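Source file work_18.txt; content: compact mmCIF, C-alpha atoms.
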```txt
# COMPACT_ATOMS: atom_id res chain seq x y z
CA MET R 1 82.93 138.03 85.70
CA SER R 2 81.59 139.04 82.32
CA PRO R 3 81.88 136.77 79.28
CA GLN R 4 84.02 139.51 77.73
CA ASP R 5 86.91 138.64 80.05
CA PRO R 6 89.68 138.60 77.42
CA GLY R 7 91.69 135.81 79.04
CA LEU R 8 88.65 133.61 79.82
CA GLN R 9 90.22 133.21 83.25
CA ALA R 10 87.24 131.45 84.83
CA GLN R 11 86.99 128.82 82.12
CA ARG R 12 90.72 128.21 82.13
CA THR R 13 90.74 127.78 85.88
CA ALA R 14 87.72 125.45 85.87
CA LEU R 15 89.24 123.41 83.03
CA SER R 16 92.47 123.21 84.98
CA TRP R 17 90.56 121.64 87.89
CA ARG R 18 88.89 119.18 85.49
CA ARG R 19 92.22 118.24 83.94
CA THR R 20 93.65 117.62 87.38
CA ALA R 21 90.63 115.46 88.33
CA LEU R 22 91.21 113.44 85.16
CA ALA R 23 94.89 113.02 86.02
CA VAL R 24 93.89 111.76 89.47
CA LEU R 25 91.41 109.38 87.80
CA ALA R 26 94.15 108.00 85.53
CA ASN R 27 96.34 107.47 88.59
CA ALA R 28 93.46 105.71 90.34
CA ALA R 29 93.03 103.33 87.38
CA LEU R 30 96.76 102.60 87.31
CA MET R 31 96.85 102.09 91.08
CA LEU R 32 93.86 99.70 90.97
CA LYS R 33 95.43 97.76 88.08
CA ALA R 34 98.73 97.54 89.92
CA GLY R 35 96.97 96.59 93.13
CA SER R 36 95.34 93.60 91.43
CA GLN R 37 98.77 92.04 90.78
CA PRO R 38 99.94 89.44 93.30
CA GLY R 39 101.86 90.96 96.17
CA HIS R 40 100.65 94.48 95.44
CA GLY R 41 97.37 94.34 97.37
CA LEU R 42 98.32 97.33 99.53
CA LEU R 43 97.88 99.57 96.49
CA LEU R 44 94.17 98.72 96.18
CA PRO R 45 92.90 100.96 99.04
CA LEU R 46 95.11 103.75 97.70
CA GLY R 47 93.44 103.37 94.31
CA VAL R 48 90.04 103.67 95.97
CA ALA R 49 91.26 106.79 97.82
CA LEU R 50 92.41 108.29 94.50
CA LEU R 51 89.04 107.47 92.96
CA ALA R 52 87.33 109.40 95.77
CA SER R 53 89.85 112.28 95.42
CA SER R 54 89.08 112.47 91.71
CA ALA R 55 85.38 112.86 92.44
CA LEU R 56 86.13 115.52 95.09
CA MET R 57 88.35 117.42 92.65
CA ALA R 58 85.72 117.33 89.91
CA ALA R 59 83.18 118.65 92.41
CA GLN R 60 85.59 121.37 93.48
CA GLY R 61 86.10 122.33 89.82
CA HIS R 62 82.35 122.65 89.40
CA ARG R 63 82.05 124.76 92.54
CA ARG R 64 84.94 126.99 91.48
CA GLU R 65 83.43 127.50 88.06
CA ARG R 66 80.10 128.55 89.53
CA ALA R 67 81.75 130.83 92.09
CA LEU R 68 83.90 132.47 89.41
CA LEU R 69 81.14 132.89 86.84
CA LEU R 70 78.33 133.97 89.15
CA GLY R 71 80.11 135.75 91.99
CA GLU R 72 83.10 137.97 92.54
CA PRO R 73 86.21 136.27 91.10
CA LYS R 74 88.40 135.57 94.09
CA SER R 75 91.22 133.23 94.95
CA PRO R 76 90.09 129.91 96.42
CA SER R 77 90.07 129.17 100.11
CA ALA R 78 93.46 127.98 101.29
CA ARG R 79 91.72 125.11 103.05
CA SER R 80 90.59 123.28 99.91
CA LEU R 81 94.02 123.53 98.26
CA ARG R 82 95.74 122.42 101.46
CA TRP R 83 93.49 119.39 101.83
CA ALA R 84 93.99 118.36 98.21
CA ALA R 85 97.76 118.54 98.67
CA ILE R 86 97.68 116.65 101.99
CA LEU R 87 95.46 113.89 100.60
CA LEU R 88 97.69 113.37 97.57
CA MET R 89 100.83 113.52 99.71
CA PHE R 90 99.39 110.77 101.89
CA VAL R 91 98.53 108.60 98.87
CA ALA R 92 101.95 109.08 97.27
CA GLY R 93 103.77 108.44 100.55
CA ALA R 94 101.72 105.33 101.31
CA GLY R 95 102.21 104.19 97.71
CA ALA R 96 105.99 104.53 98.07
CA ALA R 97 105.87 102.64 101.36
CA SER R 98 103.80 99.79 99.90
CA LEU R 99 106.11 99.55 96.87
CA VAL R 100 108.97 99.11 99.34
CA ALA R 101 106.95 96.59 101.33
CA VAL R 102 105.71 94.36 98.51
CA ASP R 103 108.56 94.41 96.04
CA PRO R 104 110.88 91.77 97.56
CA ALA R 105 107.99 89.34 98.08
CA ALA R 106 106.68 89.84 94.55
CA ARG R 107 110.17 89.40 93.16
CA ALA R 108 110.71 86.19 95.14
CA GLU R 109 107.55 84.72 93.62
CA GLU R 110 108.83 85.16 90.10
CA PRO R 111 110.26 81.96 88.62
CA THR R 112 114.03 82.02 88.24
CA ARG R 113 113.57 80.58 84.74
CA LEU R 114 112.73 84.08 83.55
CA GLN R 115 116.34 85.10 83.20
CA ARG R 116 117.52 87.87 80.95
CA GLY R 117 117.79 86.68 77.34
CA SER R 118 116.24 83.31 78.07
CA PRO R 119 114.49 81.79 75.05
CA CYS R 120 111.73 80.70 77.40
CA LEU R 121 110.77 84.24 78.32
CA HIS R 122 108.03 84.50 75.70
CA ALA R 123 107.75 80.83 74.65
CA VAL R 124 105.26 78.30 75.92
CA PRO R 125 107.28 75.69 77.86
CA GLY R 126 107.52 72.35 76.03
CA GLU R 127 106.65 73.72 72.58
CA SER R 128 110.25 74.40 71.60
CA GLU R 129 113.25 72.11 72.10
CA ARG R 130 115.22 75.12 73.34
CA CYS R 131 112.65 75.60 76.01
CA PRO R 132 111.85 72.27 77.61
CA ALA R 133 108.91 71.88 79.92
CA PRO R 134 109.89 71.87 83.58
CA ALA R 135 110.46 68.37 84.96
CA ALA R 136 107.40 66.82 86.49
CA PRO R 137 107.55 66.74 90.28
CA GLY R 138 108.50 63.36 91.71
CA PRO R 139 105.96 61.09 93.39
CA MET G 1 84.38 128.31 102.87
CA ARG G 2 85.96 130.22 105.76
CA ARG G 3 89.34 131.73 105.00
CA PRO G 4 92.38 131.65 107.28
CA ARG G 5 93.54 134.97 108.69
CA TRP G 6 96.43 135.43 106.27
CA GLN G 7 93.95 135.31 103.40
CA GLN G 8 92.13 138.30 104.87
CA GLU G 9 95.24 140.49 105.33
CA GLY G 10 96.43 142.92 102.67
CA ASN G 11 94.37 143.64 99.56
CA GLU G 12 92.36 141.23 97.45
CA PRO G 13 94.69 140.74 94.46
CA ASP G 14 93.76 141.21 90.81
CA TYR G 15 91.77 138.06 90.01
CA ARG G 16 93.85 137.40 86.87
CA PHE G 17 96.94 136.99 89.03
CA SER G 18 95.32 134.94 91.77
CA LEU G 19 93.62 132.61 89.27
CA ALA G 20 96.91 132.19 87.42
CA ASN G 21 98.44 131.28 90.78
CA GLU G 22 95.67 128.71 91.34
CA ARG G 23 96.28 127.18 87.90
CA THR G 24 100.01 127.05 88.61
CA TYR G 25 99.26 125.12 91.81
CA LEU G 26 97.11 122.68 89.81
CA ALA G 27 99.84 122.32 87.18
CA TRP G 28 102.33 121.36 89.90
CA ILE G 29 99.80 118.86 91.29
CA ARG G 30 99.48 117.31 87.82
CA THR G 31 103.27 117.16 87.54
CA GLY G 32 103.36 115.25 90.83
CA LEU G 33 100.61 112.94 89.57
CA GLY G 34 102.71 112.25 86.48
CA LEU G 35 105.66 111.28 88.68
CA LEU G 36 103.43 109.03 90.81
CA ALA G 37 102.02 107.32 87.71
CA GLY G 38 105.56 106.87 86.37
CA GLY G 39 106.63 105.25 89.63
CA VAL G 40 103.71 102.80 89.72
CA ALA G 41 104.09 102.00 86.01
CA LEU G 42 107.82 101.43 86.38
CA ASP G 43 107.17 99.02 89.23
CA GLN G 44 104.60 97.19 87.08
CA PHE G 45 106.37 96.99 83.76
CA ALA G 46 109.87 96.18 85.01
CA ALA G 47 109.52 92.45 84.32
CA ASP G 48 113.25 91.73 84.08
CA PRO G 49 114.20 90.13 87.41
CA GLN G 50 117.82 91.27 87.11
CA ALA G 51 116.88 94.90 86.58
CA ARG G 52 114.13 94.90 89.14
CA PRO G 53 115.96 96.03 92.29
CA LEU G 54 117.23 99.19 90.60
CA PHE G 55 113.88 99.82 88.92
CA ALA G 56 112.12 99.36 92.25
CA VAL G 57 114.42 101.93 93.87
CA VAL G 58 113.64 104.43 91.08
CA ALA G 59 109.90 103.67 91.36
CA VAL G 60 109.94 104.38 95.10
CA GLY G 61 112.02 107.51 94.48
CA LEU G 62 109.46 108.76 91.97
CA ALA G 63 106.58 108.20 94.38
CA VAL G 64 108.47 110.01 97.17
CA SER G 65 109.26 112.90 94.80
CA ALA G 66 105.56 113.09 93.96
CA ALA G 67 104.68 113.36 97.66
CA ILE G 68 107.28 116.14 98.13
CA LEU G 69 106.01 117.95 95.03
CA PHE G 70 102.41 117.92 96.32
CA GLY G 71 103.58 119.64 99.50
CA ILE G 72 105.72 122.15 97.60
CA ALA G 73 102.76 122.93 95.30
CA TYR G 74 100.70 124.11 98.26
CA LEU G 75 103.55 126.00 99.96
CA GLN G 76 104.44 127.81 96.72
CA TRP G 77 100.81 128.72 96.08
CA ARG G 78 100.55 130.12 99.62
CA ALA G 79 103.80 132.09 99.33
CA ALA G 80 102.73 133.58 95.98
CA GLU G 81 99.26 134.38 97.33
CA ARG G 82 100.77 136.19 100.33
CA ALA G 83 103.11 138.16 98.07
CA LEU G 84 100.20 139.13 95.80
CA ARG G 85 98.10 140.31 98.75
CA HIS G 86 100.89 142.53 100.07
CA GLY G 87 102.14 143.75 96.68
CA ARG G 88 105.53 142.16 97.18
CA PRO G 89 107.59 140.54 94.38
CA LEU G 90 106.84 136.86 93.82
CA PRO G 91 109.13 134.46 95.70
CA ALA G 92 111.63 132.32 93.81
CA LYS G 93 110.40 128.86 92.86
CA ALA G 94 112.60 126.32 94.59
CA ALA G 95 110.77 123.38 93.00
CA VAL G 96 112.00 124.07 89.45
CA PRO G 97 115.72 123.29 89.96
CA LEU G 98 114.80 120.55 92.45
CA LEU G 99 112.52 118.80 89.95
CA ALA G 100 114.95 119.24 87.04
CA SER G 101 117.91 117.83 88.97
CA SER G 102 115.99 114.88 90.43
CA MET G 103 114.55 113.97 87.01
CA CYS G 104 118.07 114.18 85.60
CA VAL G 105 119.21 111.64 88.22
CA VAL G 106 116.21 109.38 87.51
CA ALA G 107 116.88 109.44 83.75
CA LEU G 108 120.58 108.66 84.21
CA VAL G 109 119.90 105.80 86.65
CA LEU G 110 117.30 104.32 84.29
CA ALA G 111 119.68 104.68 81.35
CA ALA G 112 122.37 102.86 83.35
CA ALA G 113 119.88 100.16 84.36
CA VAL G 114 118.84 99.60 80.75
CA ALA G 115 122.42 99.59 79.48
CA MET G 116 123.65 97.12 82.11
```
This entry written out as structure tokens:
Amino acid sequence: MSPQDPGLQAQRTALSWRRTALAVLANAALMLKAGSQPGHGLLLPLGVALLASSALMAAQGHRRERALLLGEPKSPSARSLRWAAILLMFVAGAGAASLVAVDPAARAEEPTRLQRGSPCLHAVPGESERCPAPAAPGP
Amino acid sequence: MRRPRWQQEGNEPDYRFSLANERTYLAWIRTGLGLLAGGVALDQFAADPQARPLFAVVAVGLAVSAAILFGIAYLQWRAAERALRHGRPLPAKAAVPLLASSMCVVALVLAAAVAM
């Protein structure tokens, strides 16, 4: 493809791959952050999988750019697009399943003191008379 | 990379159209990634224990929608690519009304959860 291509199709397509790799990277960061919370450990391997997918997508963007700029501009192989979709489907499905699996446990661990509208929600216990420190456990 | 047989049938389409189709696929993938991130974030930031069950349901729904959208992205790309190769009109996009209606439901459920 010549640089005179009026729509700059090759650049737009390569940038689209990069943008998608960045979006996967952002999801990986969010997944790893979420996975570090108690009860959400199942999300950690999914975050690692997204990290690897992001690298694969960036590499695919690079390969596409080279193929489009140097060779005949052609549509990509169906295989790469199918694998990207399958990989992300697996991560999203497993993510949904682990959210189902961990949520009740994580909720049960939360102290009941954190009720809606409680003055203790953002206060340090014991510092305010409206928010007394929890009673010390008996001997 | 070796191409499946259906990608060798018909005529090689005008590259502007096939690259636009590729970018559309990637745009749908990014839309699905946005839904997935929304689901994980909702699960994380919903600190209110009373609202949590409903928020958790919406979070799981968002992640499942993302998975469905990733599959639809590939199927739509393939259908459009086939149509381009055979000079047929482009197929209708089923994902647009599906996404709009499911996001409508998500927004209404979240609004109800916040208002409760």
Discussion item. Which residue is closest to R:Leu99? Choose from R:Leu56, R:Ala14, R:Leu70, R:Leu44 and count only C-alpha atoms.
Written reply: R:Leu44
Worksheet item: If we count all atoms listed in the file, which residues of chain G reach to within 7 Å of chain R? Please list them as a list in words.
Response: Met1, Arg3, Tyr15, Arg16, Ser18, Leu19, Arg23, Leu26, Arg30, Leu33, Leu36, Ala37, Gln44, Asp48, Pro49, Val60, Ala63, Val64, Ala66, Ala67, Phe70, Gly71 and Tyr74 of chain G
Worksheet, complete the sentence: A straight line from atom CA of G:Arg82 to atom CA of G:Pro4 spans 11.8 Å
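Across the structure, atom CA of R:Met57 and atom CA of R:Gly41 are spaced 25.2 Å apart.
Picture a line from atom CA of G:Arg85 to atom CA of G:Asn11; it runs 5.1 Å.
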Practice prompt. Would you list the contacts of G:Pro89 as an MDAnalysis selection string, taking every protein, DNA or RNA residue within 10 Å and counting only C-alpha atoms, but skipping same-chain residues closer than 4 positions in sequence?
Written response: chainID G and resid 80 83:84
Completion step: stretch 5-26 of chain G with N, CA, C and O atoms as a JSON list (two decimals), in the coordinates of the input:
```json
[["chain", "number", "residue", "atom", "x", "y", "z"],
["G", 5, "ARG", "N", 93.33, 133.55, 108.47],
["G", 5, "ARG", "CA", 93.54, 134.97, 108.69],
["G", 5, "ARG", "C", 94.46, 135.58, 107.62],
["G", 5, "ARG", "O", 94.22, 136.69, 107.16],
["G", 6, "TRP", "N", 95.50, 134.82, 107.23],
["G", 6, "TRP", "CA", 96.43, 135.43, 106.27],
["G", 6, "TRP", "C", 95.76, 135.72, 104.94],
["G", 6, "TRP", "O", 96.21, 136.59, 104.20],
["G", 7, "GLN", "N", 94.66, 135.03, 104.66],
["G", 7, "GLN", "CA", 93.95, 135.31, 103.40],
["G", 7, "GLN", "C", 93.03, 136.51, 103.51],
["G", 7, "GLN", "O", 92.37, 136.87, 102.54],
["G", 8, "GLN", "N", 92.95, 137.10, 104.72],
["G", 8, "GLN", "CA", 92.13, 138.30, 104.87],
["G", 8, "GLN", "C", 93.00, 139.54, 105.04],
["G", 8, "GLN", "O", 92.50, 140.66, 105.06],
["G", 9, "GLU", "N", 94.33, 139.35, 105.19],
["G", 9, "GLU", "CA", 95.24, 140.49, 105.33],
["G", 9, "GLU", "C", 95.55, 141.06, 103.95],
["G", 9, "GLU", "O", 95.39, 140.38, 102.94],
["G", 10, "GLY", "N", 96.05, 142.30, 103.94],
["G", 10, "GLY", "CA", 96.43, 142.92, 102.67],
["G", 10, "GLY", "C", 95.22, 143.18, 101.80],
["G", 10, "GLY", "O", 94.08, 143.23, 102.27],
["G", 11, "ASN", "N", 95.46, 143.34, 100.50],
["G", 11, "ASN", "CA", 94.37, 143.64, 99.56],
["G", 11, "ASN", "C", 94.05, 142.41, 98.73],
["G", 11, "ASN", "O", 94.93, 141.62, 98.41],
["G", 12, "GLU", "N", 92.76, 142.29, 98.36],
["G", 12, "GLU", "CA", 92.36, 141.23, 97.45],
["G", 12, "GLU", "C", 93.10, 141.47, 96.13],
["G", 12, "GLU", "O", 92.98, 142.54, 95.53],
["G", 13, "PRO", "N", 93.90, 140.48, 95.67],
["G", 13, "PRO", "CA", 94.69, 140.74, 94.46],
["G", 13, "PRO", "C", 93.82, 140.73, 93.20],
["G", 13, "PRO", "O", 92.68, 140.27, 93.22],
["G", 14, "ASP", "N", 94.39, 141.28, 92.13],
["G", 14, "ASP", "CA", 93.76, 141.21, 90.81],
["G", 14, "ASP", "C", 93.45, 139.75, 90.50],
["G", 14, "ASP", "O", 94.31, 138.88, 90.61],
["G", 15, "TYR", "N", 92.18, 139.47, 90.14],
["G", 15, "TYR", "CA", 91.77, 138.06, 90.01],
["G", 15, "TYR", "C", 92.59, 137.34, 88.94],
["G", 15, "TYR", "O", 92.79, 136.14, 89.02],
["G", 16, "ARG", "N", 93.07, 138.09, 87.91],
["G", 16, "ARG", "CA", 93.85, 137.40, 86.87],
["G", 16, "ARG", "C", 95.10, 136.77, 87.48],
["G", 16, "ARG", "O", 95.52, 135.68, 87.10],
["G", 17, "PHE", "N", 95.71, 137.50, 88.43],
["G", 17, "PHE", "CA", 96.94, 136.99, 89.03],
["G", 17, "PHE", "C", 96.64, 135.84, 89.98],
["G", 17, "PHE", "O", 97.34, 134.82, 90.01],
["G", 18, "SER", "N", 95.58, 136.00, 90.79],
["G", 18, "SER", "CA", 95.32, 134.94, 91.77],
["G", 18, "SER", "C", 94.80, 133.67, 91.08],
["G", 18, "SER", "O", 95.13, 132.56, 91.51],
["G", 19, "LEU", "N", 94.06, 133.82, 89.98],
["G", 19, "LEU", "CA", 93.62, 132.61, 89.27],
["G", 19, "LEU", "C", 94.78, 131.95, 88.54],
["G", 19, "LEU", "O", 94.86, 130.72, 88.45],
["G", 20, "ALA", "N", 95.71, 132.77, 88.03],
["G", 20, "ALA", "CA", 96.91, 132.19, 87.42],
["G", 20, "ALA", "C", 97.70, 131.41, 88.47],
["G", 20, "ALA", "O", 98.24, 130.33, 88.20],
["G", 21, "ASN", "N", 97.75, 131.96, 89.69],
["G", 21, "ASN", "CA", 98.44, 131.28, 90.78],
["G", 21, "ASN", "C", 97.76, 129.94, 91.09],
["G", 21, "ASN", "O", 98.43, 128.92, 91.30],
["G", 22, "GLU", "N", 96.43, 129.94, 91.08],
["G", 22, "GLU", "CA", 95.67, 128.71, 91.34],
["G", 22, "GLU", "C", 95.97, 127.67, 90.24],
["G", 22, "GLU", "O", 96.17, 126.49, 90.53],
["G", 23, "ARG", "N", 96.01, 128.13, 88.99],
["G", 23, "ARG", "CA", 96.28, 127.18, 87.90],
["G", 23, "ARG", "C", 97.71, 126.66, 87.98],
["G", 23, "ARG", "O", 97.97, 125.51, 87.62],
["G", 24, "THR", "N", 98.63, 127.51, 88.46],
["G", 24, "THR", "CA", 100.01, 127.05, 88.61],
["G", 24, "THR", "C", 100.08, 125.95, 89.67],
["G", 24, "THR", "O", 100.75, 124.93, 89.49],
["G", 25, "TYR", "N", 99.35, 126.16, 90.77],
["G", 25, "TYR", "CA", 99.26, 125.12, 91.81],
["G", 25, "TYR", "C", 98.76, 123.81, 91.19],
["G", 25, "TYR", "O", 99.35, 122.74, 91.41],
["G", 26, "LEU", "N", 97.68, 123.90, 90.40],
["G", 26, "LEU", "CA", 97.11, 122.68, 89.81],
["G", 26, "LEU", "C", 98.09, 122.05, 88.83],
["G", 26, "LEU", "O", 98.17, 120.81, 88.73]]
```
